[in-house]
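To start, the structure under review is shown below, and the notes come after it.
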Amino acid sequence: MSCLIKICGLKHAASVDAAVEAGADAIGFVFAKSLRRVTARHATFIAANVPEHILRVAVMRHPSVEEWEEVQTIFCPDILQTDAEDFRYLDVADDITKWPVIREGKVPGNGDLPGTFVYEGVESGQGETVDWSIAARLAERARLILAGGLSPENVAEAIRQVGPFGVDVSSAVESSPGAKDPDMIRAFIETVRATPNPGS
C-alpha cells in the first residue's frame with residue numbers, strides 16, 4: 001500500500017482541482033501566518049466541490065481559541081493539523097480528526113507519540129528536510145506523516161528510508177512562492193504511487 005498523500009497550502013480553486021484530479025488523498029489549507037494563508041470563507045469556497053473521500057485539512061499553528069472556532073464553524077474541516085501542544089487548549093469537535101505536529105528536536109522526552117502525527121522541521125513551508133533516520137525510527141512506532149523539503153525528485157528516496165504512513169508537500173510543487181503547479185503536483189503523486197513503501 002502506498003503512502004497517504006497530502007498536498008498543502010492551496011489558495012486557488014484551480015490548484016484544488018489539480019490536486020484532486022492527480023489523486024491526492026488529503027488537501028491542506030493554511031490558516032496560520034504564511035504567504036499561503038487563506039480565510040475560512042475562501043477555503044470553504046475553493047473546496048466546495050472536493051469529493052467526500054478526500055480529506056480537507058485545516059493547517060494552523062498556535063491559533064487563538066477564536067481563530068480556531070472560526071475555522072471549525074465556517075470551514076468545518078475533516079482534520080485539524082497544528083502543533084501538538086495546541087490541542088491542550090483547543091476545543092475540537094469529536095468528528096474532526098487530530099493530526100498533531102511534532103517538530104524536529106521536540107520529540108516528547110517520555111517517548112509517548114500520538115497514534116498519527118505530522119513530523120516536520122522547526123518552521124513549516126520552508127522546504128526544510130528533516131533527518132530521515134530519526135523519522136524512520138519514529139515511523140516504526142506510530143503513523144508518521146513526513147513533511148518538510150519533500151519534492152518529486154526526493155520523495156521516492158524519503159519513502160524508502162523512512163517508511164512513512166503519509167507524505168506532505170507544499171513549496172516543492174510550486175512554480176513560484178504560493179502558486180501550485182499542476183504538472184509538479186502530478187509528478188509528485190505519480191512518484192509516490194510508484195514507490196514501494198517498506199512501512200506499509
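Residue numbering restarts at 1 for every chain of the C-alpha cells, chains are lettered A, B, ... in their displayed order, and ligands are numbered from 1 as they appear.
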
Show me a table, sorted first by chain and then by increasing residue number, of the residues of region 43-102 of chain A having an atom at most 10 Å from region 137-147 of chain A, each with its shortest atom pair and the distance in Å to one decimal, counting only C-alpha atoms and written as CSV.
```
residue,atom,partner,partner_atom,distance
A:Trp99,CA,A:Ile145,CA,9.1
A:Val101,CA,A:Ile145,CA,9.2
A:Ile102,CA,A:Leu144,CA,9.7
```

Based on the selection just made, write C-alpha atoms of those residues as a PDB file, in the first residue's frame.
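Result went into result-v5.pdb, see below:
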```pdb
ATOM      1  CA  TRP A  99      -3.081  15.471  13.455  1.00  0.00           C
ATOM      2  CA  VAL A 101       2.595  18.311  14.509  1.00  0.00           C
ATOM      3  CA  ILE A 102       5.806  17.201  16.183  1.00  0.00           C
TER       4      ILE A 102
END
```

>> Can you pull out the residues contacting Ala19 (chain A)? Cut-off 12 Å, using only C-alpha atoms, and skip same-chain residues under 2 positions away; I want them as an MDAnalysis selection string.
In response: chainID A and resid 5:17 21:28 47 50:51 54:56 169:170 173 180:190

> Looking at only C-alpha atoms, which of A:Val30, A:Ile79, A:Ala135, A:Ser2 is the one that sits closest to Pro198 (chain A)?
Replying inline: A:Ser2

>> DSSP on the backbone, helix (DSSP H, G or I) only: what residues of region 110-163 of chain A does that give? Format it as a PyMOL selection string.
In response: chain A and resi 132-139+155-162

>> If we count only C-alpha atoms and set the cut-off at 8 Å, which residues sit around region 38-45 of chain A, ignoring sequence neighbours fewer than 5 positions away in its own chain? Please answer as a VMD selection string.
In response: chain A and resid 11 29 to 31 70 to 71 74 to 75

> In Å, how far is it from CA of Ala18 (chain A) to CA of Asp78 (chain A)?
Replying inline: 19.7 Å

> If we count only C-alpha atoms, what is near region 194-197 of chain A at a cut-off of 9 Å, once residues fewer than 5 positions away on the same chain are taken out, given as an NGL selection string?
Replying inline: :A and (1-3 or 155-157 or 159-160 or 162-165 or 189)

Residues of region 44-106 of chain A within 9 Å of region 110-129 of chain A: nearest atom pair and distance (Å, one decimal) for each, counting only C-alpha atoms, sorted by chain and number, as CSV?
```
residue,atom,partner,partner_atom,distance
A:Gln81,CA,A:Val118,CA,7.9
A:Thr82,CA,A:Val118,CA,8.9
A:Asp83,CA,A:Val118,CA,8.9
A:Ala84,CA,A:Phe117,CA,8.6
A:Lys98,CA,A:Thr116,CA,8.2
A:Trp99,CA,A:Phe117,CA,5.1
A:Pro100,CA,A:Phe117,CA,5.0
A:Val101,CA,A:Val118,CA,4.6
A:Ile102,CA,A:Tyr119,CA,5.1
A:Arg103,CA,A:Glu120,CA,5.1
A:Glu104,CA,A:Gly121,CA,5.1
A:Gly105,CA,A:Val122,CA,7.9
A:Lys106,CA,A:Val122,CA,8.9
```

>> According to DSSP computed on the backbone, where in chain A is there strand (DSSP E)? Give the residues as a PyMOL selection string.
In response: chain A and resi 4-7+26-30+55-59+79-83+97-103+116-120+143-147+166-169+174-176+179-180

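CA of Ala58 (chain A) to CA of Leu80 (chain A) spans 4.9 Å [interatomic distance, one decimal].
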
>> Let me make sure I understand: among A:Val107, A:Thr97, A:Ser171, A:Phe87, which one has the smallest atom-to-atom distance to Val65 (chain A) if we use only C-alpha atoms?
In response: A:Phe87

>> I want to know what sits within 10 Å of Leu90 (chain A), based on only C-alpha atoms, with residues of the same chain fewer than 2 positions away left out; could you give that as a PyMOL selection string?
In response: chain A and resi 62-66+68-69+85-88+92-93

>> One number please: CA of Gly166 (chain A) to CA of Thr191 (chain A), in Å, one decimal.
In response: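 Separation of CA of Gly166 (chain A) and CA of Thr191 (chain A): 13.3 Å.
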
>> Nearest residue to Ser34 (chain A) out of A:Gly178, A:Gln161, A:Val192, A:Pro152, using only C-alpha atoms?
In response: A:Gly178
